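Trainee: Handing over structure_35.pdb, PDB, C-alpha atoms.
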ATOM      1  CA  MET A  44       0.000   0.000   0.000
ATOM      2  CA  GLN A  45       1.187   3.503  -0.797
ATOM      3  CA  GLU A  46       0.659   6.500   1.465
ATOM      4  CA  ILE A  47      -0.397   9.218  -0.933
ATOM      5  CA  ASP A  48       1.769  12.327  -0.929
ATOM      6  CA  PRO A  49       0.509  15.547   0.625
ATOM      7  CA  LEU A  50      -1.425  17.691  -1.832
ATOM      8  CA  ARG A  51       1.349  20.262  -1.949
ATOM      9  CA  ASN A  52       3.497  17.673  -3.771
ATOM     10  CA  PHE A  53       0.951  17.404  -6.600
ATOM     11  CA  PRO A  54       0.658  19.915  -9.465
ATOM     12  CA  GLN A  55      -0.896  22.942  -7.801
ATOM     13  CA  GLN A  56      -4.316  24.278  -8.739
ATOM     14  CA  ASN A  57      -3.833  27.293  -6.473
ATOM     15  CA  SER A  58      -0.531  28.944  -5.656
ATOM     16  CA  LYS A  59      -1.394  29.540  -1.976
ATOM     17  CA  LEU A  60      -3.704  26.674  -0.953
ATOM     18  CA  SER A  61      -3.246  22.897  -0.862
ATOM     19  CA  ILE A  62      -6.550  22.037  -2.524
ATOM     20  CA  ARG A  63      -7.415  20.093  -5.683
ATOM     21  CA  ILE A  64     -10.649  19.441  -7.548
ATOM     22  CA  ILE A  65     -11.285  16.798 -10.198
ATOM     23  CA  SER A  66     -14.166  16.230 -12.591
ATOM     24  CA  PRO A  67     -14.378  13.851 -15.576
ATOM     25  CA  SER A  68     -12.813  16.537 -17.804
ATOM     26  CA  PHE A  69     -10.613  18.463 -15.373
ATOM     27  CA  GLY A  70      -7.812  17.974 -12.878
ATOM     28  CA  HIS A  71      -6.777  14.360 -13.381
ATOM     29  CA  LEU A  72      -3.125  13.651 -12.647
ATOM     30  CA  PRO A  73      -0.933  12.681 -15.590
ATOM     31  CA  PRO A  74      -0.045   8.949 -15.723
ATOM     32  CA  GLU A  75       3.589   9.572 -14.741
ATOM     33  CA  ILE A  76       2.316  10.846 -11.359
ATOM     34  CA  SER A  77      -0.807   8.738 -10.781
ATOM     35  CA  ASP A  78       1.029   5.505 -11.634
ATOM     36  CA  LYS A  79       3.300   6.052  -8.621
ATOM     37  CA  PHE A  80       0.381   5.325  -6.297
ATOM     38  CA  GLY A  81      -1.542   2.119  -5.913
ATOM     39  CA  LEU A  82      -5.282   1.677  -5.558
ATOM     40  CA  THR A  83      -4.974   1.488  -1.767
ATOM     41  CA  GLN A  84      -3.778   4.634   0.005
ATOM     42  CA  ARG A  85      -3.659   5.950   3.538
ATOM     43  CA  LYS A  86      -4.922   9.485   3.172
ATOM     44  CA  THR A  87      -2.969  12.442   4.523
ATOM     45  CA  TYR A  88      -5.741  14.905   3.666
ATOM     46  CA  TYR A  89      -9.538  15.284   3.479
ATOM     47  CA  PHE A  90     -11.095  13.681   0.408
ATOM     48  CA  PHE A  91     -14.643  14.063  -0.943
ATOM     49  CA  LEU A  92     -16.363  12.334  -3.851
ATOM     50  CA  PHE A  93     -19.768  13.691  -4.940
ATOM     51  CA  MET A  94     -21.538  11.510  -7.488
ATOM     52  CA  ILE A  95     -23.844  13.377  -9.856
ATOM     53  CA  ASP A  96     -24.524  10.577 -12.330
ATOM     54  CA  GLY A  97     -23.374   6.981 -12.178
ATOM     55  CA  LEU A  98     -22.237   4.362  -9.712
ATOM     56  CA  THR A  99     -18.861   3.595  -8.174
ATOM     57  CA  ARG A 100     -17.495   1.568  -5.291
ATOM     58  CA  HIS A 101     -14.827   2.737  -2.851
ATOM     59  CA  GLY A 102     -13.422   1.196   0.311
ATOM     60  CA  VAL A 103     -12.754   3.064   3.554
ATOM     61  CA  ASP A 104     -10.970   1.287   6.393
ATOM     62  CA  LEU A 105     -11.608  -2.103   4.759
ATOM     63  CA  GLU A 106     -15.375  -1.481   4.383
ATOM     64  CA  GLN A 107     -16.906  -1.107   0.919
ATOM     65  CA  PHE A 108     -19.342   1.674  -0.056
ATOM     66  CA  GLU A 109     -21.404   2.060  -3.222
ATOM     67  CA  ILE A 110     -21.796   5.706  -4.231
ATOM     68  CA  SER A 111     -24.599   6.612  -6.622
ATOM     69  CA  ASP A 112     -26.516   9.718  -7.766
ATOM     70  CA  ASN A 113     -26.665  12.570  -5.233
ATOM     71  CA  GLU A 114     -24.473  10.736  -2.709
ATOM     72  CA  LEU A 115     -21.167  11.851  -1.239
ATOM     73  CA  LEU A 116     -18.298   9.827   0.196
ATOM     74  CA  PHE A 117     -15.790  11.461   2.524
ATOM     75  CA  VAL A 118     -12.461  10.098   3.708
ATOM     76  CA  LEU A 119     -10.563  11.622   6.623
ATOM     77  CA  PRO A 120      -6.813  11.890   7.185
ATOM     78  CA  HIS A 121      -5.243   8.573   8.285
ATOM     79  CA  GLN A 122      -8.091   6.463   6.914
ATOM     80  CA  ILE A 123      -7.293   3.721   4.395
ATOM     81  CA  HIS A 124      -8.919   4.461   1.044
ATOM     82  CA  ASP A 125      -9.392   1.751  -1.599
ATOM     83  CA  LEU A 126     -10.023   3.214  -5.048
ATOM     84  CA  PRO A 127     -12.085   1.405  -7.679
ATOM     85  CA  THR A 128     -10.444  -0.397 -10.574
ATOM     86  CA  SER A 129     -13.296   0.711 -12.857
ATOM     87  CA  LYS A 130     -16.736   2.385 -12.741
ATOM     88  CA  HIS A 131     -15.704   5.886 -11.746
ATOM     89  CA  GLY A 132     -19.150   7.224 -12.688
ATOM     90  CA  ASN A 133     -20.299   9.374 -15.591
ATOM     91  CA  ASP A 134     -20.340  12.732 -13.804
ATOM     92  CA  TYR A 135     -18.759  13.552 -10.454
ATOM     93  CA  TYR A 136     -16.545  15.883  -8.474
ATOM     94  CA  LYS A 137     -13.595  14.886  -6.314
ATOM     95  CA  LEU A 138     -12.100  17.359  -3.864
ATOM     96  CA  GLY A 139      -9.083  17.173  -1.597
ATOM     97  CA  PHE A 140      -7.656  19.700   0.858
ATOM     98  CA  ASP A 141      -5.287  19.584   3.812
ATOM     99  CA  GLU A 142      -5.454  20.555   7.491
ATOM    100  CA  ASP A 143      -3.897  23.953   6.813
ATOM    101  CA  CYS A 144      -6.667  24.765   4.375
ATOM    102  CA  LEU A 145      -9.302  23.641   6.898
ATOM    103  CA  SER A 146      -7.721  25.753   9.645
ATOM    104  CA  ARG A 147      -8.327  28.908   7.586
ATOM    105  CA  LEU A 148     -12.098  28.419   7.520
ATOM    106  CA  PRO A 149     -14.335  30.374   9.930
ATOM    107  CA  LYS A 150     -15.884  27.508  11.909
ATOM    108  CA  GLN A 151     -15.710  23.844  12.860
ATOM    109  CA  TYR A 152     -17.691  21.280  10.874
ATOM    110  CA  LEU A 153     -18.721  18.618  13.335
ATOM    111  CA  PHE A 154     -19.436  16.004  10.680
ATOM    112  CA  LEU A 155     -15.663  15.760  10.218
ATOM    113  CA  THR A 156     -15.538  13.998  13.588
ATOM    114  CA  ASN A 157     -17.879  11.451  11.948
ATOM    115  CA  PRO A 158     -19.839  10.778  15.164
ATOM    116  CA  PHE A 159     -22.208   8.324  13.453
ATOM    117  CA  ASN A 160     -19.402   6.330  11.825
ATOM    118  CA  THR A 161     -20.690   6.617   8.285
ATOM    119  CA  GLN A 162     -18.632   7.619   5.272
ATOM    120  CA  LYS A 163     -21.562   8.219   2.916
ATOM    121  CA  ILE A 164     -24.167  11.000   2.878
ATOM    122  CA  ALA A 165     -27.301  11.124   0.711
ATOM    123  CA  PHE A 166     -28.649  14.514  -0.399
ATOM    124  CA  SER A 167     -32.141  15.651  -1.266
ATOM    125  CA  LEU A 168     -32.565  16.932  -4.821
ATOM    126  CA  PRO A 169     -32.534  20.640  -3.792
ATOM    127  CA  ALA A 170     -29.448  20.136  -1.605
ATOM    128  CA  ALA A 171     -27.700  18.125  -4.338
ATOM    129  CA  LYS A 172     -28.390  20.925  -6.815
ATOM    130  CA  ARG A 173     -26.851  23.490  -4.446
ATOM    131  CA  LEU A 174     -23.862  21.229  -3.818
ATOM    132  CA  LYS A 175     -23.277  20.789  -7.546
ATOM    133  CA  SER A 176     -23.377  24.556  -8.028
ATOM    134  CA  ILE A 177     -20.733  25.097  -5.346
ATOM    135  CA  PHE A 178     -18.490  22.423  -6.866
ATOM    136  CA  GLU A 179     -18.874  24.116 -10.256
ATOM    137  CA  ILE A 180     -17.764  27.436  -8.786
ATOM    138  CA  LEU A 181     -14.797  25.812  -7.035
ATOM    139  CA  LEU A 182     -13.737  24.169 -10.288
ATOM    140  CA  ASP A 183     -13.915  27.518 -12.050
ATOM    141  CA  LEU A 184     -11.876  29.198  -9.298
ATOM    142  CA  LEU A 185      -9.266  26.426  -9.243
ATOM    143  CA  SER A 186      -8.803  26.480 -12.989
ATOM    144  CA  THR A 187      -6.632  29.583 -12.464
ATOM    145  CA  PRO A 188      -3.659  29.110 -10.077
ATOM    146  CA  GLU A 189      -3.551  32.790  -9.067
ATOM    147  CA  THR A 190      -7.184  32.982  -7.892
ATOM    148  CA  ASP A 191      -7.494  34.866  -4.591
ATOM    149  CA  PRO A 192      -7.548  32.095  -1.914
ATOM    150  CA  GLU A 193     -10.204  33.971   0.051
ATOM    151  CA  LEU A 194     -12.676  33.334  -2.770
ATOM    152  CA  ILE A 195     -11.881  29.631  -2.711
ATOM    153  CA  LEU A 196     -12.155  29.435   1.075
ATOM    154  CA  ALA A 197     -15.516  31.229   1.049
ATOM    155  CA  HIS A 198     -17.002  28.625  -1.277
ATOM    156  CA  LEU A 199     -15.299  25.747   0.540
ATOM    157  CA  HIS A 200     -16.999  27.004   3.694
ATOM    158  CA  SER A 201     -20.374  26.936   1.904
ATOM    159  CA  LEU A 202     -19.692  23.416   0.655
ATOM    160  CA  LEU A 203     -18.771  22.043   4.082
ATOM    161  CA  THR A 204     -21.770  23.772   5.660
ATOM    162  CA  GLU A 205     -24.089  22.044   3.170
ATOM    163  CA  ILE A 206     -22.450  18.691   3.895
ATOM    164  CA  ASN A 207     -22.578  19.264   7.653
ATOM    165  CA  THR A 208     -26.303  20.054   7.467
ATOM    166  CA  ALA A 209     -27.031  16.907   5.468
ATOM    167  CA  TYR A 210     -24.945  14.727   7.791
ATOM    168  CA  PHE A 211     -26.951  15.727  10.848
ATOM    169  CA  SER A 212     -30.635  14.956  10.424
ATOM    170  CA  ALA A 213     -33.257  17.175  12.063
ATOM    171  CA  ASP A 214     -33.528  14.880  15.073
ATOM    172  CA  LYS A 215     -29.746  14.707  15.465
ATOM    173  CA  SER A 216     -28.778  18.338  15.620
ATOM    174  CA  PRO A 217     -25.098  18.996  16.477
ATOM    175  CA  ALA A 218     -26.382  21.608  18.918
ATOM    176  CA  ASP A 219     -27.951  18.861  21.025
ATOM    177  CA  ASP A 220     -26.104  18.669  24.351
ATOM    178  CA  LYS A 221     -25.975  14.867  24.416
ATOM    179  CA  LEU A 222     -24.623  14.715  20.881
ATOM    180  CA  SER A 223     -22.066  17.378  21.751
ATOM    181  CA  LYS A 224     -20.930  15.229  24.676
ATOM    182  CA  TYR A 225     -20.688  12.195  22.410
ATOM    183  CA  ILE A 226     -18.600  14.153  19.913
ATOM    184  CA  GLY A 227     -16.434  15.286  22.814
ATOM    185  CA  PHE A 228     -16.048  11.644  23.887
ATOM    186  CA  LYS A 229     -15.064  10.593  20.389
ATOM    187  CA  LEU A 230     -12.549  13.430  19.997
ATOM    188  CA  PHE A 231     -11.025  12.643  23.391
ATOM    189  CA  VAL A 232     -10.653   8.979  22.439
ATOM    190  CA  GLU A 233      -9.022   9.923  19.133
ATOM    191  CA  ASP A 234      -6.587  12.275  20.869
ATOM    192  CA  LYS A 235      -5.658   9.880  23.672
ATOM    193  CA  LEU A 236      -6.220   6.527  21.962
ATOM    194  CA  THR A 237      -2.942   4.886  22.983
ATOM    195  CA  ASP A 238      -2.824   6.373  26.495
ATOM    196  CA  GLN A 239      -4.452   3.557  28.495
ATOM    197  CA  LEU A 240      -7.802   5.328  28.748
ATOM    198  CA  THR A 241     -10.082   4.755  31.719
ATOM    199  CA  ILE A 242     -13.835   5.280  31.653
ATOM    200  CA  ASN A 243     -13.675   7.266  34.901
ATOM    201  CA  GLY A 244     -10.993   9.538  33.477
ATOM    202  CA  ILE A 245     -12.953  10.191  30.291
ATOM    203  CA  ALA A 246     -16.177  10.903  32.189
ATOM    204  CA  GLU A 247     -14.358  13.323  34.472
ATOM    205  CA  ASN A 248     -12.841  15.125  31.481
ATOM    206  CA  LEU A 249     -16.311  15.546  29.940
ATOM    207  CA  ALA A 250     -17.888  16.648  33.255
ATOM    208  CA  LEU A 251     -20.136  13.561  33.307
ATOM    209  CA  ASN A 252     -20.669  10.672  35.663
ATOM    210  CA  THR A 253     -19.930   7.202  34.291
ATOM    211  CA  ASN A 254     -23.621   6.271  34.015
ATOM    212  CA  SER A 255     -24.363   9.344  31.891
ATOM    213  CA  LEU A 256     -21.332   8.655  29.715
ATOM    214  CA  TYR A 257     -22.441   5.058  29.220
ATOM    215  CA  SER A 258     -25.964   6.147  28.275
ATOM    216  CA  ILE A 259     -24.778   8.749  25.749
ATOM    217  CA  VAL A 260     -22.194   6.550  24.045
ATOM    218  CA  LYS A 261     -24.579   3.584  23.931
ATOM    219  CA  HIS A 262     -27.314   5.763  22.405
ATOM    220  CA  TYR A 263     -25.215   7.106  19.536
ATOM    221  CA  SER A 264     -22.834   4.231  18.826
ATOM    222  CA  GLY A 265     -24.695   1.163  20.077
ATOM    223  CA  LEU A 266     -21.617   0.306  22.133
ATOM    224  CA  SER A 267     -20.516   0.804  25.698
ATOM    225  CA  PRO A 268     -17.596   3.239  26.145
ATOM    226  CA  LYS A 269     -15.234   0.313  26.743
ATOM    227  CA  GLU A 270     -16.484  -1.505  23.642
ATOM    228  CA  PHE A 271     -16.152   1.695  21.606
ATOM    229  CA  ILE A 272     -12.518   2.178  22.685
ATOM    230  CA  THR A 273     -11.684  -1.469  21.991
ATOM    231  CA  LYS A 274     -13.286  -1.298  18.540
ATOM    232  CA  ARG A 275     -11.342   1.874  17.747
ATOM    233  CA  LEU A 276      -8.058   0.310  18.910
ATOM    234  CA  ILE A 277      -8.654  -2.765  16.767
ATOM    235  CA  LEU A 278      -9.428  -0.553  13.768
ATOM    236  CA  GLU A 279      -6.157   1.290  14.339
ATOM    237  CA  ALA A 280      -4.378  -2.062  14.640
ATOM    238  CA  LYS A 281      -5.843  -3.124  11.268
ATOM    239  CA  ARG A 282      -4.727   0.140   9.696
ATOM    240  CA  ARG A 283      -1.195  -0.260  11.023
ATOM    241  CA  ILE A 284      -1.021  -3.915   9.973
ATOM    242  CA  TYR A 285      -2.234  -2.934   6.529
ATOM    243  CA  TYR A 286       0.255  -0.117   6.264
ATOM    244  CA  SER A 287       3.412  -1.434   7.907
ATOM    245  CA  GLU A 288       5.365  -4.579   8.627
ATOM    246  CA  SER A 289       5.661  -4.156  12.397
ATOM    247  CA  SER A 290       5.971  -7.218  14.603
ATOM    248  CA  ILE A 291       3.090  -8.106  16.908
ATOM    249  CA  LYS A 292       5.165  -6.880  19.842
ATOM    250  CA  GLU A 293       5.890  -3.532  18.170
ATOM    251  CA  LEU A 294       2.249  -3.184  17.156
ATOM    252  CA  ALA A 295       1.015  -3.873  20.686
ATOM    253  CA  PHE A 296       3.424  -1.423  22.319
ATOM    254  CA  GLY A 297       2.630   1.214  19.692
ATOM    255  CA  LEU A 298      -1.061   0.981  20.600
ATOM    256  CA  GLY A 299      -0.412   1.317  24.330
ATOM    257  CA  PHE A 300      -0.569  -2.376  25.324
ATOM    258  CA  ASN A 301       2.102  -3.534  27.744
ATOM    259  CA  ASP A 302       1.272  -7.206  27.156
ATOM    260  CA  PRO A 303       1.520  -8.336  23.497
ATOM    261  CA  GLU A 304      -0.140 -11.663  24.304
ATOM    262  CA  TYR A 305      -3.173  -9.889  25.777
ATOM    263  CA  PHE A 306      -3.326  -7.687  22.695
ATOM    264  CA  SER A 307      -3.214 -10.760  20.443
ATOM    265  CA  ARG A 308      -6.076 -12.370  22.369
ATOM    266  CA  LEU A 309      -8.106  -9.158  22.200
ATOM    267  CA  PHE A 310      -7.532  -8.898  18.445
ATOM    268  CA  LYS A 311      -8.732 -12.475  17.896
ATOM    269  CA  LYS A 312     -11.747 -11.987  20.165
ATOM    270  CA  SER A 313     -12.716  -8.813  18.291
ATOM    271  CA  THR A 314     -12.101 -10.003  14.731
ATOM    272  CA  GLY A 315     -12.422 -13.773  14.918
ATOM    273  CA  LYS A 316      -8.930 -14.055  13.437
ATOM    274  CA  THR A 317      -5.416 -14.200  14.785
ATOM    275  CA  ILE A 318      -3.145 -11.364  13.699
ATOM    276  CA  ASN A 319      -1.149 -13.740  11.497
ATOM    277  CA  THR A 320      -4.333 -14.998   9.790
ATOM    278  CA  PHE A 321      -5.463 -11.420   9.225
ATOM    279  CA  ILE A 322      -2.109 -10.611   7.606
ATOM    280  CA  GLN A 323      -2.324 -13.707   5.396
ATOM    281  CA  ASP A 324      -5.852 -12.789   4.304
ATOM    282  CA  LEU A 325      -4.683  -9.298   3.344
ATOM    283  CA  SER A 326      -1.856 -10.675   1.251
ATOM    284  CA  GLY A 327      -4.161 -13.206  -0.414
ATOM    285  CA  ASN A 328      -2.045 -16.157   0.694
TER     286      ASN A 328
END
Would you put the structure from the file into C-alpha cells?
Mentor:
Amino acid sequence: MQEIDPLRNFPQQNSKLSIRIISPSFGHLPPEISDKFGLTQRKTYYFFLFMIDGLTRHGVDLEQFEISDNELLFVLPHQIHDLPTSKHGNDYYKLGFDEDCLSRLPKQYLFLTNPFNTQKIAFSLPAAKRLKSIFEILLDLLSTPETDPELILAHLHSLLTEINTAYFSADKSPADDKLSKYIGFKLFVEDKLTDQLTINGIAENLALNTNSLYSIVKHYSGLSPKEFITKRLILEAKRRIYYSESSIKELAFGLGFNDPEYFSRLFKKSTGKTINTFIQDLSGN
C-alpha cells in the first residue's frame, strides 16, 4: 500500500492553498504521477467524492461503499482508502484539501468527527443541486492558479456547511447537548487513543458521571464506552497492519498495550482471526 503524498506535492491548482478538484474533464493527474500510487492509500488529507450521475465503489478502512446519484463519500486523514479499478461514474466531483486549508475556515464542521461512523451522505434533490453549483464554482476558481484564496475558502466554507447540514438529520442536531458530549467523547478517544484510557478519566474530562457517559455513548454508537474504545483500537491495529510490517510486539506497544499476548487475544476476540491470519488474508495467501 502507498501512502499518498501531501497535496502540496501534486501539481498545484492554487498557488497559496493545498486544494485540488477533479471532474471527468478536469484535474486528473498525468499517468507519470498517478502511476506512482496504488489503488490502496492511507490518506494524509480530506477527500470528498460527490456523485452526480453513475455508480462507483470505494473502500474506507476495509469497508466497501457504493456511491450513486446525489451521494457523497468522505475520507478523513489517516483512513485507508481503496479506489475502484473501474466504474468511476459518468459525472462527479472529487475534492481534496489539507489541514492547513481547513484551519483557515471560519468555523468547525462537526461532521468531520464522523460521530455516526458513516462515510456516505445522501442529499435531497434541492441540496444536491446546491452542492453541484458550489463544486462548479470551485472548479472555475481552481482552474486559475492565481485565484485569490479567500474566494476559494468562502465557497469551501459553503460546501462544508451544506455537507454538515445533510450529515446531521433534524432529530440529530449537532447543537444537542448529548450529541455534543458524544462528539467530545469521540474526539477525546481519538486524541488519547494509545494512552491507556479509563472510563472514569474520560467521564471526568467531559464533566459527566460514568452512568451518563455510558448512556450517551450507547445511544449514539450502540456500544458501551469500553467496547467503543476497543473497537477503535482494533481498527487502528488493522490500519497499522495494513500499512506497515511491524511485529506483533511492536504493534502492541505502539497501541499502548504492555502485554503483546493480551493484545493478540483481544484482536482475535474482536475479529475472529489471529493477527497472522489477518495478515495472510490481506496478502491473499
Trainee: Any idea what the distance is between CA of Leu240 (chain A) and CA of Val103 (chain A)?
Mentor: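 We find that CA of Leu240 (chain A) and CA of Val103 (chain A) lie 25.8 Å from each other.
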Trainee: Please return as a list in words every residue within 7 Å of (-22.7, 14.6, -0.7), taking into account all atoms listed in the file and the file's own coordinates.
Mentor: Phe93, Asn113, Glu114, Leu115, Leu116, Ile164, Ala165, Phe166 and Ile206 of chain A
Trainee: Could you tell me which of A:Leu298, A:Ile65, A:Leu278, A:Leu168 comes closest to Leu185 (chain A) if we count all atoms listed in the file?
Mentor: A:Ile65
Trainee: Evaluate the PyMOL selection byres ((chain A and resi 117) around 8) against this structure - the residues, as a PDB file with C-alpha atoms, keeping the file's coordinate frame, please.
Mentor:
ATOM      1  CA  TYR A  89      -9.538  15.284   3.479  1.00  0.00           C
ATOM      2  CA  PHE A  90     -11.095  13.681   0.408  1.00  0.00           C
ATOM      3  CA  PHE A  91     -14.643  14.063  -0.943  1.00  0.00           C
ATOM      4  CA  LEU A  92     -16.363  12.334  -3.851  1.00  0.00           C
ATOM      5  CA  LEU A 115     -21.167  11.851  -1.239  1.00  0.00           C
ATOM      6  CA  LEU A 116     -18.298   9.827   0.196  1.00  0.00           C
ATOM      7  CA  VAL A 118     -12.461  10.098   3.708  1.00  0.00           C
ATOM      8  CA  LEU A 119     -10.563  11.622   6.623  1.00  0.00           C
ATOM      9  CA  GLN A 162     -18.632   7.619   5.272  1.00  0.00           C
ATOM     10  CA  LYS A 163     -21.562   8.219   2.916  1.00  0.00           C
TER      11      LYS A 163
END
Trainee: If we count all atoms listed in the file and set the cut-off at 10 Å, which residues sit around Val232 (chain A), ignoring sequence neighbours fewer than 2 positions away in its own chain? Please answer as a PDB file with C-alpha atoms, keeping the file's coordinate frame.
Mentor:
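Everything below was put into around-v8.pdb:
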ATOM      1  CA  ILE A 226     -18.600  14.153  19.913  1.00  0.00           C
ATOM      2  CA  GLY A 227     -16.434  15.286  22.814  1.00  0.00           C
ATOM      3  CA  PHE A 228     -16.048  11.644  23.887  1.00  0.00           C
ATOM      4  CA  LYS A 229     -15.064  10.593  20.389  1.00  0.00           C
ATOM      5  CA  LEU A 230     -12.549  13.430  19.997  1.00  0.00           C
ATOM      6  CA  ASP A 234      -6.587  12.275  20.869  1.00  0.00           C
ATOM      7  CA  LYS A 235      -5.658   9.880  23.672  1.00  0.00           C
ATOM      8  CA  LEU A 236      -6.220   6.527  21.962  1.00  0.00           C
ATOM      9  CA  THR A 237      -2.942   4.886  22.983  1.00  0.00           C
ATOM     10  CA  ASP A 238      -2.824   6.373  26.495  1.00  0.00           C
ATOM     11  CA  LEU A 240      -7.802   5.328  28.748  1.00  0.00           C
ATOM     12  CA  ILE A 245     -12.953  10.191  30.291  1.00  0.00           C
ATOM     13  CA  PRO A 268     -17.596   3.239  26.145  1.00  0.00           C
ATOM     14  CA  PHE A 271     -16.152   1.695  21.606  1.00  0.00           C
ATOM     15  CA  ILE A 272     -12.518   2.178  22.685  1.00  0.00           C
ATOM     16  CA  ARG A 275     -11.342   1.874  17.747  1.00  0.00           C
ATOM     17  CA  LEU A 276      -8.058   0.310  18.910  1.00  0.00           C
TER      18      LEU A 276
END
Trainee: Determine the nearest neighbour of Thr320 (chain A) from the options A:Ile284, A:Tyr152, A:Asp302, A:Ile177, counting all atoms listed in the file.
Mentor: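 Looking only at the distances to Thr320 (chain A), the closest residue turns out to be A:Ile284.
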Trainee: Of the candidates A:Arg85, A:Lys137, A:His121, A:Lys269, which one gets nearest to Asn243 (chain A) if we count only C-alpha atoms?
Mentor: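 Among A:Arg85, A:Lys137, A:His121, A:Lys269, it is A:Lys269 that comes nearest to Asn243 (chain A).
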Trainee: Please write as a PyMOL selection string the full residue list that the PyMOL selection byres ((chain A and resi 285) around 12) yields on this file.
Mentor: chain A and resi 44-46+83-85+104-105+122-125+278-284+286-289+294+318-319+321-326
Trainee: Work out how far apart CA of Leu196 (chain A) and CA of Leu148 (chain A) are and give it in Å to one decimal.
Mentor: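 Separation of CA of Leu196 (chain A) and CA of Leu148 (chain A): 6.5 Å.
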Trainee: From the list A:Thr241, A:Asn254, A:Ser313, A:Ser201, which residue is nearest Ser176 (chain A) when using all atoms listed in the file?
Mentor: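 Among the listed residues, A:Ser201 lies closest to Ser176 (chain A).
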Trainee: I'd like the interatomic distance between CA of Leu155 (chain A) and CA of Pro169 (chain A), to a tenth of an Å.
Mentor: 22.5 Å
Trainee: Tell me which of A:Asn207, A:Asn157, A:Thr317, A:Thr187 sits closest to Ser264 (chain A), counting all atoms listed in the file.
Mentor: A:Asn157
Trainee: Hey, what comes out of the PyMOL selection byres ((chain A and resi 68) around 12) on this file? Could you write it as a PyMOL selection string?
Mentor: chain A and resi 64-67+69-72+133-137+182+186
